[in-house]
Amino acid sequence: MKLYCLSGHPTLPCNVLKFKSTTIMLDCGLDMTSTLNFLPLPLVQSPRLSNLPGWSLKDGNAFLDKELKECSGHVFVDSVPEFCLPETELIDLSTVDVILISNYHCMMALPYITEHTGFSGTVYATEPTVQIGRLLMEELVNFIERVPKAQSASLWKNKDIQRLLPSPLKDAVEVSTWRRCYTMQEVNSALSKIQLVGYSQKIELFGAVQVTPLSSGYALGSSNWIIQSHYEKVSYVSGSSLLTTHPQPMDQASLKNSDVLILTGLTQIPTANPDGMVGEFCSNLALTVRNGGNVLVPCYPSGVIYDLLECLYQYIDSAGLSNIPFYFISPVANSSLEFSQIFAEWLCHNKQTKVYLPEPPFPHAELIQTNKLKHYPSLHGDFSSDFRQPCVVFTGHPSLRFGDVVHFMELWGKSSLNTVIFTEPDFSYLEALAPYQPLAMKCIYCPIDTRLNFIQVSKLLKEVQPLHVVCPEQYTQPPPAQSHRMDLMIDCQPPAMSYRRAEVLALPFKRRYEKIEIMPELADALVPMEIKPGISLATVSAVLHTKDNKHVLQPPPRPAQPTGGKKRKRASEDIPDCKVLKPLLSGSIPVEQFVQTLEKHGFSDIKVEDTAKGHIVLLQEAETLIQIEEDSTHIICDNDEMLRVRLRDLVLKFLQKF
Amino acid sequence: MTEGLPVPSPAGLAGISSLTMDPECSQLLPALCAVLADPRQPMADDTCLEKLLDWFKTITEAGSSLLLLQGNPCLVELLCHMLKPQDLSSRVLAFSLRLTGVLAAQEDCFQYLQQGELLPKLFGEAGPLGGAAWTSPTVRSGWIQGLRSLAQHPSALHFLADCGAVDTIFSLQEDSSLFVASAAGQLLVHILGLSMPGPAGGPPSLQAGDWPACAQKIVGHIEESLRATATPQITQALNVLTTTFGHCHDPWTQVLWVRLSPLVAGLLEKDPVPAAHSLVDLLLSVARSPGLSSSSCGLWETLAQTLSHLSPTQAGPLALGILKLQDCPQALRAQAFAVLLQPLACVLKATAQDPGPSGVLDGIVGDSMTADMLLPSKAACVGLLCRTLAHLELLLPLPQRPCPWPQAPLLGAAVTLLQLCGGSARPTSDAGRHLCALLLGCVRVQRAALDFLGTLSEGTGPRELVTQVFAVLLEYLRSPDSSPTVLKKAFQATFRWLLSSPKTPGCWDLDPHALLFLRDLLPVLQKRLCSPCWEVRDSGLEFLTQMTRHWGGQAGFRHALLASEVPKLTEQLLRDPESYVRASAVTAMGQLSSQGLCVPPAGPEHPGGQQKSLLAELLHILSTDSEGFPRRAVMQVFTQWLRDSHADVAGDTEQFVAGVLQVASQDLDWEVRAQGLELALVFLEQTLGQPRSHCPCAVTPAVAAPVGPLAQALQPLCRVRLFEFAFRALFDCDRPVAQKSCDLLLFLRAKTASSGSLQESRSSPHVASVEAALQRWQAGDQAQPLGDLEPEVVLAVLRSLDLEGLQGALAESSDHVEKSPQSLLQDMLATVGVLGGNEADCY
């Protein structure tokens, strides 16, 4: 059993598990932090961005000044943003049989895998995962395609040139493999390969293994996966949450008794408590708006935004913000808000019960009804006529490199009355803000990450008790900036095995058993013999038939009628192909009694020696050795078959036969 | 039924019973006794029986129990009835046992009951003790309490010895009911005290043979228990001794201690020390007992030994107790203090940047405790640290606190603990990291440490440490993870530290460091005032009020505050949805306004509209707010404003007072109306031109105001309709309001006492109509207003009112009628009557 690790990002995993005869890809997350090296794509021509000076080498050589621009001491690539794909060289991806998706954030690389590697298998995911995943991809494609950029920079990627660049461009890994965003056509084609599954549904893969999604509590339709054969169980835990937010709670019990538990997608900000951060978010929002400033919340179109809207729903009246408009701008804003209301069966119990009242499960419906929350596909069109300040705007993309957020950063960045509040933990806010410097607007970092923290992980591991834990290497030591925080790492026994990008792990357990079925007629013919209370044995002669990873014992074929049968007459004639069955023996030989028996049968001058494994009985007169060991007995005598048979019969008296 | 008891002659009764009990009650008593004796009529309510018993106790304390019994034969009948085998409720049985004890506390009554063999039958083997009723803990408890009341005289001691009660009490010490077991222990203590000679008798010798038999038996039992191996037995013995030394300080207690102390010291040789908590209690009880001269009986040695034998958790309370003792050897105090400081020393040691002699508490505390002892589990570590901090906090203000007080190391320890809990500590050692993992986010330790840190503000500290204190406080105030209770404590500690920051001579403003801190603090406060959690907004406002009260007049503070958004946000919180927050915002705004720190309201709520003054806003709250707290707060602010002649009020005081009183008089909340009277009083004092004394009633009318100016002076009071408000309040359905109004009017009457020239108006028709209206008001019909009143009419009405009588009536507790024994008996009978009625209905 092997694990091929194609992504080094702990929350955007992409691993391939070879288990029995199957090749299973676990998630295909797309690392978008690479886009932070690029200049933002403004929706409206930005004089500031277009007038940034080109970057030149120390010696004044300016051949890169078309590709690289300098802003407040940082250098950015002036080109269409590109993404860092999972490893494609470590394993032949066309051999992947299935891809299991755990949540919509972890499927963003799917089109790259399904459309460009010869992949011909099936992808499994829950319905909300697919629908919201589609929204995220649609938004991404839309953000990038609606601002076509003529120029595509590639010179800087040359290894010799890259070395000359300042950090962080100099240190960016595998820039040659970075790819531009996929197209909507590729997205559709990739999504068409997905087969929808429900929680606890058992899916057979080639008869060899069974995979089952379980609720992971993190997002709508998010799942952990159980991959099991008859005697082995691997749990894949990716992006789980124990907090009470909108999704169905995490199913922990089904993770018990795993041989291996692969643990990814823990919280990215283990020191920030989501509750405290939500409080911080609300306080800063109110503070800004009360002073007449605007609040910008860069976010994804689904996920934490639902919880934020719910908190604000409760908070705005109490904070006297009822007159403040909330805008949600995304090409998929409408679909996201509506989708969230129809996936009732995937929601937490509290929200599910609302459906029967009948009420919409999320209160944002009421915010929309009362005109407190308005949503627009983009800032062009209706929005510009409705726009009123001060206001709160939720929009993408959290990297601040594309999407409508770029416009608001340009628009509001100059006033210290305004505030940008970062709630998505995926991007370093300082890096995200770098191309907007100098910036007068206030910046608040309230990362809200509801995924498991290390305390919860340690409780979970105690509860489900896997034999082995496998996790990204980042989880096996405290974060570099807080090396004293021994609590910020996975602490389990035996210590967790860690992996990093482009590594292949041999998982530490051996398969010892395989299930074999026995045909009824064969089973009928068995004659069990009880050798110990509760333990019966029977011998069976059969043909092992293996097909589609299923093993069946079938009755042996009837022999063909012997042609000259009358010549030989033997009792065992009806099964001529089989050798005469020797009885199976069990039990142990008590040496003292054996010696007494030998003496009774006329052997004298007997010596017994103890050996490491048992005893040697030496019949000096007969020049014979009897080696008695735990699982074998040897009689060594010089060509005296009569003597050997006599001794053998004496030995057999002490053993049970069946 | 009363066979064997001398029946008193009816002739003697009439006169006597009235001495002991109301005739009405005497009449009701037989019926009640019959009800109690009837198992078919269960008493629904325990508290009635308790009250009944209390009543009997009062009667017997005041007079003779014997006469009571003789006057009310039904009581003896009731007690005799208890002896019959029947299905009586355990409550009634327990009540009867206790009643017997109360009655038999007087020796003559005891003898009287003894004659009828009633006592041995009730308390001996023949009584409930041997029967099925004994399984009920109520009965066992009643038995013990009965004996406890009874054991007051030598005859009782003999009785106890004869009926073998002491052995039963021994066994009841192990009772499954904790109440019974504890009462049994206390009864033993009581019997021991009773059997020993009093202070005049001189102490007995150490020889056991010289002791009274009963005492000998009890002490023997205690000795045996102390030698036992089972901890519960040892605990019982220790508890009995603790109570003994705590309650009785006669000379014999010293002899007892000398006799038992070797056994007690013997407990320390066991590992672990059994019943450590009880042992600590005992030793402290002995040490505090004035009857013992501690030096002579080896107590200090035992205490020292115990300190070193107990675990840190167990030794903490002992150490604190020792340090609180008035006279105690210095060495023992030092040892106790070292024990108390150990956990903090461990924390400092584990987190010290460079381990070595710099461990700041090293000088005081030895190396006996390592961090490992603190670390076994989170619960143990947190519990020990919280207790240690609480102990030190208790010790700090005491005059006998250890000297020199290690202020700097303790400050350091408190700061370190807070850093460990908040995650900002960066320990380098393994122990430190482990400690960090245990304490991270622990709210209990955070609260305890913040409280302790606040208390430490009374001392000084090196500048460097004080800087750290402010830094850690700011960290807590800033942290999004601070829980509301932790934040509140952080605010409190911050205020105390700001108060203690060094003052520039001759200037009350904050020192430059504190001002720098304030600059960082105000943005935090600003954010907290916008918190979604109302508790946080509330504590933020309270903190602001406190700060403004102290430094509102100081330039540095004013400048910083006015430069921030805080006043504006506070104004917005007047409309907070949470009433507590609105109340705090009202108080804060009142304070800000008094100091001239208010900004005119503006913001999204008032986009360009007419801006209300704060006075109008507060009046609006007073008249419309649905919750009481904000309205009360408004009244307090108004009263303060009036007292301080606030600019908004001084412009047209009469209009202000009239408006406020009018709104307050219609308020449904009595506290608002009472506060209205307070405001009226302030206005009255200001109008009459005499500074207010704290108790208006205490003012003697020696210097009466002259007549002419008086009438003139009363005019403004009439114009603001103060009298209508006060008269209305006089008949308020809420007693405190009526009392306050009564006090106010008495004060006014005293001030105007001898103004004879106004007396003629008494007979005027106007006066009569006012008096008639007041009578209607008193009867509950307050609809009719009084209209405009002339000063003369007011004075006449004032004189005609029986204010003293009203004051007396109001001083009686409101349930004085309902509390009478007669009412109790009637209630009990009525309850049963109702039950009986139901029963009849069923048939």
# chains A, B, ... in the order shown; residues from 1 in each chain; ligands from 1
>>> interface_residues(of="chain B", to="chain A", cutoff="10 Å", atoms="only C-alpha atoms", output="PyMOL selection string")
chain B and resi 423-430+432-434+436-438+440+478-483+526-534+565+568-569+572-573+575-578+602-605
>>> residues_around(residues="Pro168 (chain A)", least_positions_apart="3", cutoff="9 Å", atoms="only C-alpha atoms", output="number ranges by chain")
A: 37, 74-75, 165, 171-172
>>> closest_atom_pairs(of="region 409-522 of chain A", to="region 209-218 of chain A", cutoff="12 Å", atoms="only C-alpha atoms", output="tab-separated table")
residue	atom	partner	partner_atom	distance
A:Asp449	CA	A:Tyr218	CA	9.4
A:Thr450	CA	A:Tyr218	CA	6.9
A:Arg451	CA	A:Tyr218	CA	6.4
A:Leu452	CA	A:Tyr218	CA	8.9
A:Glu514	CA	A:Val209	CA	11.7
A:Lys515	CA	A:Val209	CA	11.9
>>> write_last_selection(atoms="C-alpha atoms", output="CSV table (one decimal), in the first residue's frame")
chain,number,residue,atom,x,y,z
A,449,ASP,CA,-11.3,28.8,9.8
A,450,THR,CA,-13.7,26.3,11.3
A,451,ARG,CA,-11.6,23.3,10.5
A,452,LEU,CA,-10.2,21.1,13.3
A,514,GLU,CA,-8.3,-12.1,2.2
A,515,LYS,CA,-11.9,-13.1,2.3
>>> residues_around(residues="Glu145 (chain A)", least_positions_apart="5", cutoff="9 Å", atoms="only C-alpha atoms", output="PDB file with N, CA, C and O atoms, in the first residue's frame")
ATOM      1  N   LEU A 140     -14.197  31.735 -10.882  1.00  0.00           N
ATOM      2  CA  LEU A 140     -12.770  31.886 -11.176  1.00  0.00           C
ATOM      3  C   LEU A 140     -12.566  32.161 -12.662  1.00  0.00           C
ATOM      4  O   LEU A 140     -11.861  33.104 -13.049  1.00  0.00           O
ATOM      5  N   CYS A 181      -5.517  29.653 -16.118  1.00  0.00           N
ATOM      6  CA  CYS A 181      -6.778  29.081 -15.675  1.00  0.00           C
ATOM      7  C   CYS A 181      -7.428  28.271 -16.806  1.00  0.00           C
ATOM      8  O   CYS A 181      -7.228  28.548 -17.984  1.00  0.00           O
ATOM      9  N   THR A 183     -10.706  26.621 -18.961  1.00  0.00           N
ATOM     10  CA  THR A 183     -11.867  27.281 -19.576  1.00  0.00           C
ATOM     11  C   THR A 183     -13.150  26.653 -19.049  1.00  0.00           C
ATOM     12  O   THR A 183     -13.116  25.587 -18.431  1.00  0.00           O
TER      13      THR A 183
END
>>> residues_around(residues="Gln620 (chain A)", least_positions_apart="6", cutoff="10 Å", atoms="only C-alpha atoms", output="list in words")
Phe603, Ser604, Asp605, Ile606 and Lys607 of chain A
>>> write_last_selection(atoms="C-alpha atoms", output="mmCIF file, in the first residue's frame")
data_model
loop_
_atom_site.group_PDB
_atom_site.id
_atom_site.type_symbol
_atom_site.label_atom_id
_atom_site.label_comp_id
_atom_site.auth_asym_id
_atom_site.auth_seq_id
_atom_site.Cartn_x
_atom_site.Cartn_y
_atom_site.Cartn_z
ATOM 1 C CA PHE A 603 13.614 -49.688 23.892
ATOM 2 C CA SER A 604 16.296 -49.181 26.471
ATOM 3 C CA ASP A 605 19.214 -46.895 27.048
ATOM 4 C CA ILE A 606 17.131 -43.820 26.255
ATOM 5 C CA LYS A 607 18.590 -40.380 26.711
#
>>> residues_around(residues="Val672 (chain B)", least_positions_apart="6", cutoff="10 Å", atoms="only C-alpha atoms", output="PyMOL selection string")
chain B and resi 622+628-636+663-666+678+737
>>> select_by_dssp(residues="region 3-117 of chain A", states="helix (DSSP H, G or I)", output="list in words")
Thr33, Ser34, Thr35, Leu36, Asn37, Pro47, Arg48, Leu49, Ser50, Leu93, Ser94, Thr95, Tyr104, His105, Cys106, Met107, Leu110, Pro111, Tyr112, Ile113, Thr114, Glu115 and His116 of chain A
>>> atom_distance(atom1="CA of Val415 (chain B)", atom2="CA of Pro447 (chain A)")
27.6 Å
>>> residues_around(residues="region 459-467 of chain B", least_positions_apart="5", cutoff="12 Å", atoms="only C-alpha atoms", output="ChimeraX atom specification")
/B:396-397,404-416,452-454,472-474,494,496-502,513-514,516-517
>>> residues_around(residues="region 504-512 of chain A", least_positions_apart="3", cutoff="7 Å", atoms="only C-alpha atoms", output="PyMOL selection string")
chain A and resi 1-5
>>> closest_residue(among="A:Leu12, A:Leu169, A:Ile91, A:Ala538", to="Ser34 (chain A)", atoms="only C-alpha atoms")
A:Leu169
>>> closest_residue(among="B:Gly63, B:Gly540, B:Gly596, B:Pro290", to="His249 (chain B)", atoms="only C-alpha atoms")
B:Pro290
>>> closest_residue(among="B:Ser136, B:Gln145, B:Thr60, B:Gln70", to="Ser89 (chain B)", atoms="only C-alpha atoms")
B:Ser136
>>> closest_residue(among="A:Val393, A:Leu30, A:Leu585, A:Leu68", to="Thr539 (chain A)", atoms="only C-alpha atoms")
A:Leu585
>>> atom_distance(atom1="CA of His246 (chain A)", atom2="CA of Asp307 (chain A)")
7.1 Å
